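Reviewing the structure listed below.
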Number of protein chains: 4
Amino acid sequence: MASDSAQVSAAGAPRVIVAGATGFAGALAAHLLWRHPGFELVAVTGRSELGRRLDELYPRYRVPMRIERLQTERLQALDAAVVAYPHAAAAPTVGALRELGARVVDLSADFRLRSLSTYEHWYGQHPRPDLLEQAVYGLTELHREQIAGAAIVANPGCYPTASLLALAPLARAGLIADVVIDAKQGVSGAGLRAGSETTHLSMAAENILAYKVAAHRHTPEIEEQLDDLDPAHPGLKVQFQAHLVPLDQGELASCYVTPTREVGAQELTRLYRDAYAAEAFVEVVEAPPGTREVRETNFCRLFAAADGHTGKVLVFSAIDNLWKGTSSQAVQNLNVMFGLPETAGLA
Amino acid sequence: MASDSAQVSAAGAPRVIVAGATGFAGALAAHLLWRHPGFELVAVTGRSELGRRLDELYPRYRVPMRIERLQTERLQALDAAVVAYPHAAAAPTVGALRELGARVVDLSADFRLRSLSTYEHWYGQHPRPDLLEQAVYGLTELHREQIAGAAIVANPGCYPTASLLALAPLARAGLIADVVIDAKQGVSGAGLRAGSETTHLSMAAENILAYKVAAHRHTPEIEEQLDDLDPAHPGLKVQFQAHLVPLDQGELASCYVTPTREVGAQELTRLYRDAYAAEAFVEVVEAPPGTREVRETNFCRLFAAADGHTGKVLVFSAIDNLWKGTSSQAVQNLNVMFGLPETAGLA
Amino acid sequence: MASDSAQVSAAGAPRVIVAGATGFAGALAAHLLWRHPGFELVAVTGRSELGRRLDELYPRYRVPMRIERLQTERLQALDAAVVAYPHAAAAPTVGALRELGARVVDLSADFRLRSLSTYEHWYGQHPRPDLLEQAVYGLTELHREQIAGAAIVANPGCYPTASLLALAPLARAGLIADVVIDAKQGVSGAGLRAGSETTHLSMAAENILAYKVAAHRHTPEIEEQLDDLDPAHPGLKVQFQAHLVPLDQGELASCYVTPTREVGAQELTRLYRDAYAAEAFVEVVEAPPGTREVRETNFCRLFAAADGHTGKVLVFSAIDNLWKGTSSQAVQNLNVMFGLPETAGLA
Amino acid sequence: MASDSAQVSAAGAPRVIVAGATGFAGALAAHLLWRHPGFELVAVTGRSELGRRLDELYPRYRVPMRIERLQTERLQALDAAVVAYPHAAAAPTVGALRELGARVVDLSADFRLRSLSTYEHWYGQHPRPDLLEQAVYGLTELHREQIAGAAIVANPGCYPTASLLALAPLARAGLIADVVIDAKQGVSGAGLRAGSETTHLSMAAENILAYKVAAHRHTPEIEEQLDDLDPAHPGLKVQFQAHLVPLDQGELASCYVTPTREVGAQELTRLYRDAYAAEAFVEVVEAPPGTREVRETNFCRLFAAADGHTGKVLVFSAIDNLWKGTSSQAVQNLNVMFGLPETAGLA
């Protein structure tokens, strides 16, 4: 633990809260931070279930703290916060926490997009556009250095996480002429403990379902990042499609890339090995990865193949949508922000 | 089809509605009656989703009718109704439909119990106690003759259906000194399309859970019927326990009977074979039945065994909780009420 | 029933067997033919489980016949057969049944490909290339007229069935410049009752897995048919990718088409409506279809959308891989071959 | 880590192997010992898959060791072994490892029963009855002190683990007159990676199935232990029944006890709290525990209730059948045997 860090409260681990701990993402963040050797979880807040213990709502997470209302005036010496609120509800809370001096990892979409007009197209008016300049896009492997110094980290969506880790090596090499991303996810992605028609086991079982066809909010987030990675080919239009499959946690993004030039198997292998050789949480593997292999971990497993028949490049990216896709990546970002080993609390 | 029946509208099949068709049970009843050769489904009603087509809510049931509000004054020449309302909400609707002259199969608990005080203990004040004397308990195999002439048939709960079919042969023979019923069911038993914390795939998956421990509403229904079957041993206290397991439709009741005297394998076999030889929908089998064997059917499969080690008698009863446990048994009852072959529309 | 058909045995329904009834596909074919009003199922054969009753192996299919060894010399007046053998094992049996005069629907790949060299690339030497000229590709909606008179019908694979029904309207209109097919399927596709590492619930649960990356046998079958549908653009290379998801029966093919020219929403709708207006088993729907909607039916549900952002055309095709993808399509083909209504036994 | 323990090899952690690491139980034991701070995993052996890496067979367990053949002559300075072989195959290997001086936790049934004749009734001839006197029954919470000094620890079956932890407080108090144990388990209990008809997702999904009715091998193991706990009431006959439900890992034992005298809620609570107050891995909870709460942990959660209606006492016991029911309890036992904190490697 980086006890000499200036960012740490005197004589102790950084003090962190989880705001919005009653949903799946917040509860998991609380679980990870509760047992984290380098942070002190000082409160879990919510807008419902006040006074109930989190280990009553989520027994397996074993966090023996009570849900309280977020009252920023009562939080002292707060170093950090994870905010797990819905889109648009998050930004004002992030603002309030910033005023306390806390550094924030925000799980919503509120600070993910550079383009304010794109944000407002998908989510309506932005509650705190003034904060956007403090925010860094929190895909750790792509923006580690900026994250280290950021006041606000916009944790990526789970779909962009899987997709961008899959595509970054190709994008950086200027190799993507066209791309189709077919993503599949379990029902925990819906986020709400309360359940719904869609997440009802009786509806989800024995079902495979495409949703938000030709209209997915995650596309601009992916496109902005790909533009950054490959400035020579700006404006790539990404075909992204989400599907719901009958499992709890797990996400596979299957990416079909038409390359700008022929790419052979050897070059492909080298490209991916080099890109991620130093990464603790991205594993380039030699067979298509199943989501089960990464369940309840912060790992992303990638498999890339050149298809001699079509000339396309195929990349398969498996993550746990709640872990690397959401809450454990938030902890990975906190580790980076507070100078802790990146794997602390995540091994 | 009993076209000469006095109960049938002139020159046609009996006209039937399903009231409360937006829940799982009502929707399935509508599905079965829509394609039934002996009934004409004239309306499906609900208190929400008005104007939407039922095959939009439940595509696989393929009923192309719109949900309408129940307006009894607009229903003409109605012969029958299936009422799929929550407990206590059902009775007033049953009453209104009776005033139209319709014969009703009610899926709620409102007319299942003979004892008004027992009802009121579990469900609160009874909205229409005056109708109780018109009601017959609708476990078809036990009360076929009374059902044939009944104005109101109180369709049994799914747990009592599986349990009573398992225990009836022993009870009639005066053989039950004590009984433990351990029942397991899929999440469709919860009934609501809307979903809940409990039925969320993320909560239900990988879970086995006992619920309503030592306090289950279904016990008195089972006890009243066992008292009828074995008047010589009144007042048997039944230990009933429900469990939720991660599947959609299916229910297994495992019954552990301490017999009043030693029962051998041969006697047991004869007892069950004799009891159900003439039944179309109860099958006595030679190995423990899986719920999968009866999925989406009106069958109940029973397996009985004498345990030489303990002296107990074990009976396993498998049904589909939504079919024989609810909606297809309602259709079986309608068949009996209107003089149709009992298997009509259910094969 | 076409009782006056010359193809029918004197004075009765056509007599049919299922060869290979112990696997999932054969067992389902037996189930459908056993209760079919227009065929007489005279035998179910297998190479294992001899003497056991099929309803012991598959209780829910309720076929009370014993598995026997296939002895063609003992089969008399056989009109038809469904052969559910593995690839390469099927052709000799098809040949033997042809010598008896039976018309055969073969579920294997042995007669699906026009190109013998392509077959031999994927499956090894063809045991009976002499029979190829008798065979018709059995995607009913595309080849109904030839199927009616065919001696051998090569039932399509489940992946080509879903894919080709999705793509045929675009192909016929010459609109496919490039296509990615991302297909997802439940574990019943593996076919074997015996189970395996892959189909073990403990391995399949919570897993999403791409398999046979860049090397799928189903591609040539799809490409040959697309070439037929769009002779003006021969040699289209199809990017097909299969995935395993944790359910039993169900398949969704998500097709991403780069069109040869801009295609608008209206044109797309008209194209699909027109193509399938007369089809009993293909439904063009207005929202992405879930596989649950077609479970245990012969229906294929299609949803097509034009993506204004990318210019691509998206088509989603949902079937039950064991039904329309395999065994119920075999029955649909038998209906066509024997002059029965195409929906007979499948409603 | 007890580095000064006499039982530990000079200057290091105890050296341990897992024999039979290709099955579910052995693989999990290897996973736990690989990352255990107090043991050094020196080999994983198997009878198949030789030379393959364990993390290829079980990617999520992340053990980068190759499967080797067990060659006792090549093992040096071996302190301990977990043997995960089938019944009867285990005993000879346990013997060979004992000759090397290793202390063994055996996961099979070979050393669980005191009565040789009972063993031979269920499993056939015992290969090494001479070793029985070295063996201690390894339900840690019941036999901790003997386990500490044991040469062979017979790890309990998962059913007896859940059942005995549920019943021990009542048995010790002489309160069990009669008991029915209805146990439900996921398919991982079957143990074999290879899969089978029963564990095939297509068979297990949507199924609830009782198995080995009136003939379960686990009964004598439970009865012997209950006799020890309540010597005043010897010879209690336990009604035990196992069920398969569609999940991967998880087990719930529902126990229905007819008490020898009336037991009130307060007494019951005190009995259970007192019995397990000092236990790290047994949690007495206030609502029925779901198996999901203990998934992938060494915890057992117990809920006890007095049923005023029937006078019976109900106890529900939830464990993960592969963890506390098998492999993590083996590690708990190794911790006890080698003087390590009992929770080492299991938190």
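In the structure tokens, the first chain shown is A, the next is B, and so on; residue numbers restart at 1 for each chain, and ligands run from 1 in the order shown.
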### Task
Going by DSSP on the backbone, which bits of range 48-281 of chain B are helix (DSSP H, G or I)? Write them as JSON, numbers by chain, please.
{"B": [54, 55, 56, 57, 59, 60, 61, 72, 73, 74, 90, 91, 92, 93, 94, 95, 96, 97, 98, 99, 116, 117, 118, 119, 120, 121, 122, 123, 129, 130, 131, 132, 133, 134, 140, 141, 142, 143, 144, 145, 146, 147, 148, 149, 158, 159, 160, 161, 162, 163, 164, 165, 166, 167, 168, 169, 170, 171, 172, 187, 188, 189, 190, 201, 202, 203, 204, 218, 219, 220, 221, 222, 223, 224, 225, 226, 227, 228, 229, 265, 266, 267, 268, 269, 270, 271, 272, 273, 274, 275, 276]}
Using only C-alpha atoms, determine which residues lie at most 10 Å from Gly38 in chain D, disregarding the query and same-chain residues fewer than 5 positions distant; provide the list as an mmCIF file with N, CA, C and O atoms, in the first residue's frame.
```cif
data_model
loop_
_atom_site.group_PDB
_atom_site.id
_atom_site.type_symbol
_atom_site.label_atom_id
_atom_site.label_comp_id
_atom_site.auth_asym_id
_atom_site.auth_seq_id
_atom_site.Cartn_x
_atom_site.Cartn_y
_atom_site.Cartn_z
ATOM 1 N N MET D 1 1.703 -18.833 8.873
ATOM 2 C CA MET D 1 2.074 -20.204 8.552
ATOM 3 C C MET D 1 2.928 -20.786 9.667
ATOM 4 O O MET D 1 3.874 -20.168 10.132
ATOM 5 N N ALA D 2 2.583 -21.974 10.043
ATOM 6 C CA ALA D 2 3.249 -22.572 11.198
ATOM 7 C C ALA D 2 4.623 -23.105 10.808
ATOM 8 O O ALA D 2 4.872 -24.289 10.769
ATOM 9 N N SER D 3 5.563 -22.227 10.546
ATOM 10 C CA SER D 3 6.847 -22.659 9.983
ATOM 11 C C SER D 3 7.690 -23.425 10.992
ATOM 12 O O SER D 3 8.629 -24.109 10.635
ATOM 13 N N GLY D 12 10.389 -25.046 5.059
ATOM 14 C CA GLY D 12 9.423 -24.690 4.018
ATOM 15 C C GLY D 12 8.029 -25.076 4.378
ATOM 16 O O GLY D 12 7.766 -25.690 5.422
ATOM 17 N N ALA D 13 7.130 -24.723 3.520
ATOM 18 C CA ALA D 13 5.736 -25.085 3.707
ATOM 19 C C ALA D 13 5.583 -26.577 3.450
ATOM 20 O O ALA D 13 6.368 -27.160 2.694
ATOM 21 N N PRO D 14 4.584 -27.198 4.049
ATOM 22 C CA PRO D 14 4.360 -28.617 3.765
ATOM 23 C C PRO D 14 4.148 -28.823 2.271
ATOM 24 O O PRO D 14 3.465 -28.049 1.619
ATOM 25 N N ARG D 15 4.751 -29.882 1.753
ATOM 26 C CA ARG D 15 4.633 -30.220 0.332
ATOM 27 C C ARG D 15 3.457 -31.152 0.143
ATOM 28 O O ARG D 15 3.353 -32.183 0.797
ATOM 29 N N LEU D 33 -5.069 -25.223 -3.198
ATOM 30 C CA LEU D 33 -3.733 -25.436 -2.634
ATOM 31 C C LEU D 33 -2.674 -24.653 -3.406
ATOM 32 O O LEU D 33 -1.658 -24.247 -2.835
ATOM 33 N N LEU D 334 -6.631 -30.130 6.084
ATOM 34 C CA LEU D 334 -5.167 -30.023 5.984
ATOM 35 C C LEU D 334 -4.649 -28.916 6.898
ATOM 36 O O LEU D 334 -3.608 -29.077 7.546
ATOM 37 N N ASN D 335 -5.377 -27.801 6.930
ATOM 38 C CA ASN D 335 -4.977 -26.721 7.840
ATOM 39 C C ASN D 335 -4.895 -27.221 9.276
ATOM 40 O O ASN D 335 -3.931 -26.954 9.995
ATOM 41 N N PHE D 338 -1.926 -29.635 9.880
ATOM 42 C CA PHE D 338 -0.578 -29.076 9.862
ATOM 43 C C PHE D 338 -0.449 -27.829 10.730
ATOM 44 O O PHE D 338 0.468 -27.042 10.561
ATOM 45 N N GLY D 339 -1.379 -27.656 11.641
ATOM 46 C CA GLY D 339 -1.247 -26.573 12.601
ATOM 47 C C GLY D 339 -1.374 -25.178 12.032
ATOM 48 O O GLY D 339 -0.923 -24.202 12.635
ATOM 49 N N LEU D 340 -1.980 -25.053 10.885
ATOM 50 C CA LEU D 340 -2.203 -23.732 10.291
ATOM 51 C C LEU D 340 -3.519 -23.169 10.797
ATOM 52 O O LEU D 340 -4.373 -23.912 11.288
ATOM 53 N N PRO D 341 -3.696 -21.854 10.670
ATOM 54 C CA PRO D 341 -5.013 -21.309 11.006
ATOM 55 C C PRO D 341 -6.067 -22.016 10.150
ATOM 56 O O PRO D 341 -5.849 -22.232 8.952
ATOM 57 N N ALA D 344 -6.918 -20.565 6.786
ATOM 58 C CA ALA D 344 -5.855 -20.234 5.819
ATOM 59 C C ALA D 344 -6.216 -20.714 4.423
ATOM 60 O O ALA D 344 -6.659 -21.843 4.235
ATOM 61 N N GLY D 345 -6.053 -19.831 3.475
ATOM 62 C CA GLY D 345 -6.327 -20.185 2.080
ATOM 63 C C GLY D 345 -7.797 -20.321 1.738
ATOM 64 O O GLY D 345 -8.152 -20.682 0.622
#
```
### Task
Would you mind listing what lies within 6 Å of range 63-76 of chain D as a PyMOL selection string, with only C-alpha atoms counted and same-chain residues fewer than 2 positions away left out?
chain D and resi 44-46+50-55+61+78
Could you please take those selected residues and save N, CA, C and O atoms as a PDB file, in the first residue's frame?
```pdb
ATOM      1  N   VAL D  44       0.295 -32.407  -9.510  1.00  0.00           N
ATOM      2  CA  VAL D  44      -1.101 -32.791  -9.731  1.00  0.00           C
ATOM      3  C   VAL D  44      -1.058 -34.011 -10.632  1.00  0.00           C
ATOM      4  O   VAL D  44      -0.425 -33.995 -11.683  1.00  0.00           O
ATOM      5  N   THR D  45      -1.715 -35.071 -10.201  1.00  0.00           N
ATOM      6  CA  THR D  45      -1.620 -36.305 -10.977  1.00  0.00           C
ATOM      7  C   THR D  45      -2.985 -36.743 -11.488  1.00  0.00           C
ATOM      8  O   THR D  45      -4.019 -36.280 -11.012  1.00  0.00           O
ATOM      9  N   GLY D  46      -2.935 -37.616 -12.486  1.00  0.00           N
ATOM     10  CA  GLY D  46      -4.171 -38.123 -13.060  1.00  0.00           C
ATOM     11  C   GLY D  46      -3.918 -39.422 -13.783  1.00  0.00           C
ATOM     12  O   GLY D  46      -2.759 -39.842 -13.934  1.00  0.00           O
ATOM     13  N   LEU D  50      -2.692 -36.931 -19.377  1.00  0.00           N
ATOM     14  CA  LEU D  50      -1.302 -36.783 -18.959  1.00  0.00           C
ATOM     15  C   LEU D  50      -0.582 -35.760 -19.835  1.00  0.00           C
ATOM     16  O   LEU D  50      -0.708 -35.776 -21.052  1.00  0.00           O
ATOM     17  N   GLY D  51       0.157 -34.893 -19.194  1.00  0.00           N
ATOM     18  CA  GLY D  51       0.932 -33.894 -19.921  1.00  0.00           C
ATOM     19  C   GLY D  51       0.164 -32.617 -20.229  1.00  0.00           C
ATOM     20  O   GLY D  51       0.757 -31.596 -20.540  1.00  0.00           O
ATOM     21  N   ARG D  52      -1.153 -32.673 -20.136  1.00  0.00           N
ATOM     22  CA  ARG D  52      -1.913 -31.437 -20.373  1.00  0.00           C
ATOM     23  C   ARG D  52      -1.835 -30.557 -19.129  1.00  0.00           C
ATOM     24  O   ARG D  52      -1.694 -31.029 -18.012  1.00  0.00           O
ATOM     25  N   ARG D  53      -1.948 -29.272 -19.349  1.00  0.00           N
ATOM     26  CA  ARG D  53      -1.930 -28.370 -18.210  1.00  0.00           C
ATOM     27  C   ARG D  53      -3.304 -28.292 -17.578  1.00  0.00           C
ATOM     28  O   ARG D  53      -4.331 -28.275 -18.254  1.00  0.00           O
ATOM     29  N   LEU D  54      -3.319 -28.226 -16.252  1.00  0.00           N
ATOM     30  CA  LEU D  54      -4.601 -28.197 -15.551  1.00  0.00           C
ATOM     31  C   LEU D  54      -5.395 -26.944 -15.923  1.00  0.00           C
ATOM     32  O   LEU D  54      -6.625 -26.977 -15.987  1.00  0.00           O
ATOM     33  N   ASP D  55      -4.688 -25.842 -16.221  1.00  0.00           N
ATOM     34  CA  ASP D  55      -5.437 -24.631 -16.571  1.00  0.00           C
ATOM     35  C   ASP D  55      -5.964 -24.666 -17.998  1.00  0.00           C
ATOM     36  O   ASP D  55      -6.671 -23.755 -18.423  1.00  0.00           O
ATOM     37  N   TYR D  61      -9.611 -22.117 -12.956  1.00  0.00           N
ATOM     38  CA  TYR D  61      -8.873 -22.428 -11.733  1.00  0.00           C
ATOM     39  C   TYR D  61      -7.427 -21.935 -11.790  1.00  0.00           C
ATOM     40  O   TYR D  61      -6.754 -21.858 -10.759  1.00  0.00           O
ATOM     41  N   LEU D  78       7.447 -35.750   0.674  1.00  0.00           N
ATOM     42  CA  LEU D  78       6.044 -35.394   0.545  1.00  0.00           C
ATOM     43  C   LEU D  78       5.402 -35.358   1.928  1.00  0.00           C
ATOM     44  O   LEU D  78       5.506 -36.321   2.685  1.00  0.00           O
TER      45      LEU D  78
END
```
If you take only C-alpha atoms and a cut-off of 8 Å, which residues of chain B touch chain C, and what are their nearest atom pairs and distances in Å to one decimal, in chain and number order, as CSV?
```
residue,atom,partner,partner_atom,distance
B:Tyr58,CA,C:Glu293,CA,7.9
B:Pro59,CA,C:Glu293,CA,5.4
B:Arg60,CA,C:Glu293,CA,4.4
B:Arg292,CA,C:Arg60,CA,7.0
B:Glu293,CA,C:Arg60,CA,4.4
B:Val294,CA,C:Arg60,CA,6.4
B:Arg295,CA,C:Arg60,CA,7.6
```
Residue selection dump (N, CA and C atoms) as a compact mmCIF listing (two decimals), in the first residue's frame:
```txt
# COMPACT_ATOMS: atom_id res chain seq x y z
N TYR B 58 -46.98 -12.54 -24.90
CA TYR B 58 -46.55 -13.94 -24.84
C TYR B 58 -46.49 -14.48 -26.26
N PRO B 59 -45.44 -14.15 -27.00
CA PRO B 59 -45.41 -14.55 -28.41
C PRO B 59 -45.63 -16.04 -28.61
N ARG B 60 -45.04 -16.86 -27.74
CA ARG B 60 -45.10 -18.29 -28.03
C ARG B 60 -46.50 -18.87 -27.83
N ARG B 292 -39.19 -32.73 -16.06
CA ARG B 292 -39.04 -32.55 -17.49
C ARG B 292 -39.96 -33.46 -18.30
N GLU B 293 -40.28 -34.62 -17.73
CA GLU B 293 -41.13 -35.58 -18.42
C GLU B 293 -42.57 -35.09 -18.59
N VAL B 294 -42.96 -34.17 -17.75
CA VAL B 294 -44.35 -33.71 -17.78
C VAL B 294 -44.45 -32.23 -18.16
N ARG B 295 -43.32 -31.66 -18.56
CA ARG B 295 -43.30 -30.23 -18.90
C ARG B 295 -44.28 -29.92 -20.02
```
### Task
Would you list the contacts of Ser254 in chain B as number ranges by chain, taking every protein, DNA or RNA residue within 12 Å and counting only C-alpha atoms, but skipping same-chain residues closer than 4 positions in sequence?
B: 159, 162-167, 179-185, 239-243, 288-291, 301-305, 313-319; D: 180-184, 208-211, 213, 240-243, 254
Go ahead and save the residues from that selection, with N, CA and C atoms, as a compact mmCIF listing (two decimals), in the first residue's frame.
```
# COMPACT_ATOMS: atom_id res chain seq x y z
N TYR B 159 -49.26 -26.76 -5.51
CA TYR B 159 -48.70 -27.64 -4.48
C TYR B 159 -49.72 -28.67 -4.01
N ALA B 162 -50.13 -31.52 -6.74
CA ALA B 162 -49.09 -32.56 -6.74
C ALA B 162 -49.16 -33.40 -5.47
N SER B 163 -49.40 -32.74 -4.33
CA SER B 163 -49.38 -33.46 -3.05
C SER B 163 -50.55 -34.41 -2.91
N LEU B 164 -51.74 -33.93 -3.26
CA LEU B 164 -52.93 -34.75 -3.05
C LEU B 164 -52.98 -35.93 -4.02
N LEU B 165 -52.55 -35.72 -5.26
CA LEU B 165 -52.52 -36.88 -6.15
C LEU B 165 -51.53 -37.92 -5.62
N ALA B 166 -50.46 -37.45 -4.99
CA ALA B 166 -49.48 -38.39 -4.41
C ALA B 166 -50.05 -39.14 -3.22
N LEU B 167 -50.84 -38.44 -2.40
CA LEU B 167 -51.25 -39.02 -1.11
C LEU B 167 -52.63 -39.67 -1.12
N VAL B 179 -46.93 -37.25 7.80
CA VAL B 179 -46.40 -37.01 6.46
C VAL B 179 -45.60 -35.71 6.40
N VAL B 180 -44.46 -35.82 5.73
CA VAL B 180 -43.66 -34.65 5.39
C VAL B 180 -43.71 -34.51 3.86
N ILE B 181 -44.09 -33.32 3.40
CA ILE B 181 -44.09 -33.06 1.95
C ILE B 181 -43.03 -31.99 1.69
N ASP B 182 -42.00 -32.38 0.95
CA ASP B 182 -40.95 -31.43 0.56
C ASP B 182 -41.15 -31.15 -0.93
N ALA B 183 -41.61 -29.93 -1.23
CA ALA B 183 -41.95 -29.59 -2.61
C ALA B 183 -40.95 -28.61 -3.19
N LYS B 184 -40.64 -28.82 -4.47
CA LYS B 184 -39.68 -27.95 -5.17
C LYS B 184 -40.35 -27.43 -6.44
N GLN B 185 -40.13 -26.16 -6.73
CA GLN B 185 -40.82 -25.58 -7.88
C GLN B 185 -39.95 -24.58 -8.62
N GLN B 239 -46.86 -31.69 7.38
CA GLN B 239 -45.66 -30.86 7.32
C GLN B 239 -45.36 -30.58 5.86
N PHE B 240 -45.68 -29.37 5.42
CA PHE B 240 -45.46 -29.01 4.02
C PHE B 240 -44.39 -27.94 3.93
N GLN B 241 -43.45 -28.12 3.00
CA GLN B 241 -42.40 -27.11 2.83
C GLN B 241 -42.12 -26.87 1.35
N ALA B 242 -42.19 -25.61 0.95
CA ALA B 242 -41.94 -25.24 -0.45
C ALA B 242 -40.50 -24.79 -0.65
N HIS B 243 -39.95 -25.08 -1.83
CA HIS B 243 -38.60 -24.65 -2.20
C HIS B 243 -38.63 -24.08 -3.62
N PRO B 288 -38.30 -42.85 -10.43
CA PRO B 288 -38.63 -41.49 -10.01
C PRO B 288 -38.83 -40.59 -11.23
N PRO B 289 -39.95 -39.90 -11.32
CA PRO B 289 -40.23 -39.06 -12.48
C PRO B 289 -39.51 -37.72 -12.38
N GLY B 290 -38.92 -37.28 -13.49
CA GLY B 290 -38.37 -35.93 -13.56
C GLY B 290 -39.46 -34.97 -14.03
N THR B 291 -39.38 -33.75 -13.57
CA THR B 291 -40.40 -32.78 -13.98
C THR B 291 -40.36 -32.52 -15.48
N ARG B 301 -47.04 -37.46 -12.90
CA ARG B 301 -46.41 -38.77 -12.83
C ARG B 301 -46.06 -39.08 -11.39
N LEU B 302 -46.41 -40.28 -10.97
CA LEU B 302 -46.25 -40.70 -9.58
C LEU B 302 -45.35 -41.92 -9.49
N PHE B 303 -44.49 -41.90 -8.50
CA PHE B 303 -43.68 -43.07 -8.20
C PHE B 303 -43.74 -43.29 -6.70
N ALA B 304 -44.13 -44.49 -6.29
CA ALA B 304 -44.23 -44.81 -4.86
C ALA B 304 -43.27 -45.93 -4.52
N ALA B 305 -42.64 -45.84 -3.36
CA ALA B 305 -41.69 -46.87 -2.93
C ALA B 305 -41.79 -47.07 -1.43
N VAL B 313 -43.10 -44.86 3.67
CA VAL B 313 -43.51 -44.93 2.28
C VAL B 313 -43.16 -43.61 1.63
N LEU B 314 -42.51 -43.68 0.46
CA LEU B 314 -42.08 -42.49 -0.26
C LEU B 314 -42.89 -42.36 -1.54
N VAL B 315 -43.40 -41.18 -1.79
CA VAL B 315 -44.13 -40.95 -3.04
C VAL B 315 -43.61 -39.67 -3.67
N PHE B 316 -43.28 -39.77 -4.96
CA PHE B 316 -42.77 -38.61 -5.71
C PHE B 316 -43.78 -38.26 -6.79
N SER B 317 -44.12 -36.99 -6.86
CA SER B 317 -45.20 -36.54 -7.74
C SER B 317 -44.69 -35.37 -8.56
N ALA B 318 -44.65 -35.57 -9.89
CA ALA B 318 -44.12 -34.54 -10.78
C ALA B 318 -45.23 -33.96 -11.65
N ILE B 319 -45.33 -32.65 -11.66
CA ILE B 319 -46.28 -31.97 -12.55
C ILE B 319 -45.59 -30.72 -13.12
N VAL D 180 -36.35 -36.94 8.62
CA VAL D 180 -36.37 -37.04 7.16
C VAL D 180 -35.41 -35.96 6.64
N ILE D 181 -34.47 -36.37 5.80
CA ILE D 181 -33.56 -35.39 5.16
C ILE D 181 -33.84 -35.40 3.67
N ASP D 182 -34.33 -34.29 3.17
CA ASP D 182 -34.58 -34.15 1.74
C ASP D 182 -33.49 -33.22 1.20
N ALA D 183 -32.56 -33.78 0.44
CA ALA D 183 -31.40 -33.01 -0.04
C ALA D 183 -31.51 -32.76 -1.52
N LYS D 184 -31.09 -31.55 -1.93
CA LYS D 184 -31.13 -31.16 -3.34
C LYS D 184 -29.73 -30.70 -3.73
N ILE D 208 -36.28 -31.62 -12.24
CA ILE D 208 -36.07 -31.86 -10.82
C ILE D 208 -36.28 -33.36 -10.67
N LEU D 209 -35.32 -34.05 -10.08
CA LEU D 209 -35.34 -35.50 -10.13
C LEU D 209 -34.84 -36.09 -8.83
N ALA D 210 -35.64 -36.96 -8.23
CA ALA D 210 -35.14 -37.74 -7.09
C ALA D 210 -34.32 -38.90 -7.63
N TYR D 211 -33.25 -39.26 -6.93
CA TYR D 211 -32.49 -40.42 -7.43
C TYR D 211 -32.05 -41.32 -6.28
N VAL D 213 -33.71 -43.77 -4.88
CA VAL D 213 -34.79 -43.75 -3.89
C VAL D 213 -34.68 -44.96 -2.97
N PHE D 240 -33.09 -40.59 4.24
CA PHE D 240 -32.34 -39.62 3.44
C PHE D 240 -32.73 -39.76 1.98
N GLN D 241 -32.97 -38.63 1.31
CA GLN D 241 -33.32 -38.70 -0.11
C GLN D 241 -32.61 -37.59 -0.88
N ALA D 242 -31.92 -37.98 -1.94
CA ALA D 242 -31.18 -37.02 -2.78
C ALA D 242 -32.00 -36.62 -4.01
N HIS D 243 -31.84 -35.37 -4.42
CA HIS D 243 -32.49 -34.86 -5.64
C HIS D 243 -31.49 -34.09 -6.47
N SER D 254 -32.76 -30.18 3.58
CA SER D 254 -33.91 -29.78 4.39
C SER D 254 -34.21 -30.93 5.34
```
### Task
Name the residues of range 97-343 of chain D that fall into strand (DSSP E or B) according to DSSP on the backbone, using the chain letters and numbers of this document, as a PyMOL selection string.
chain D and resi 103-106+135-137+152-154+176-185+200+209-211+238-244+251-259+282-284+300-306+313-319
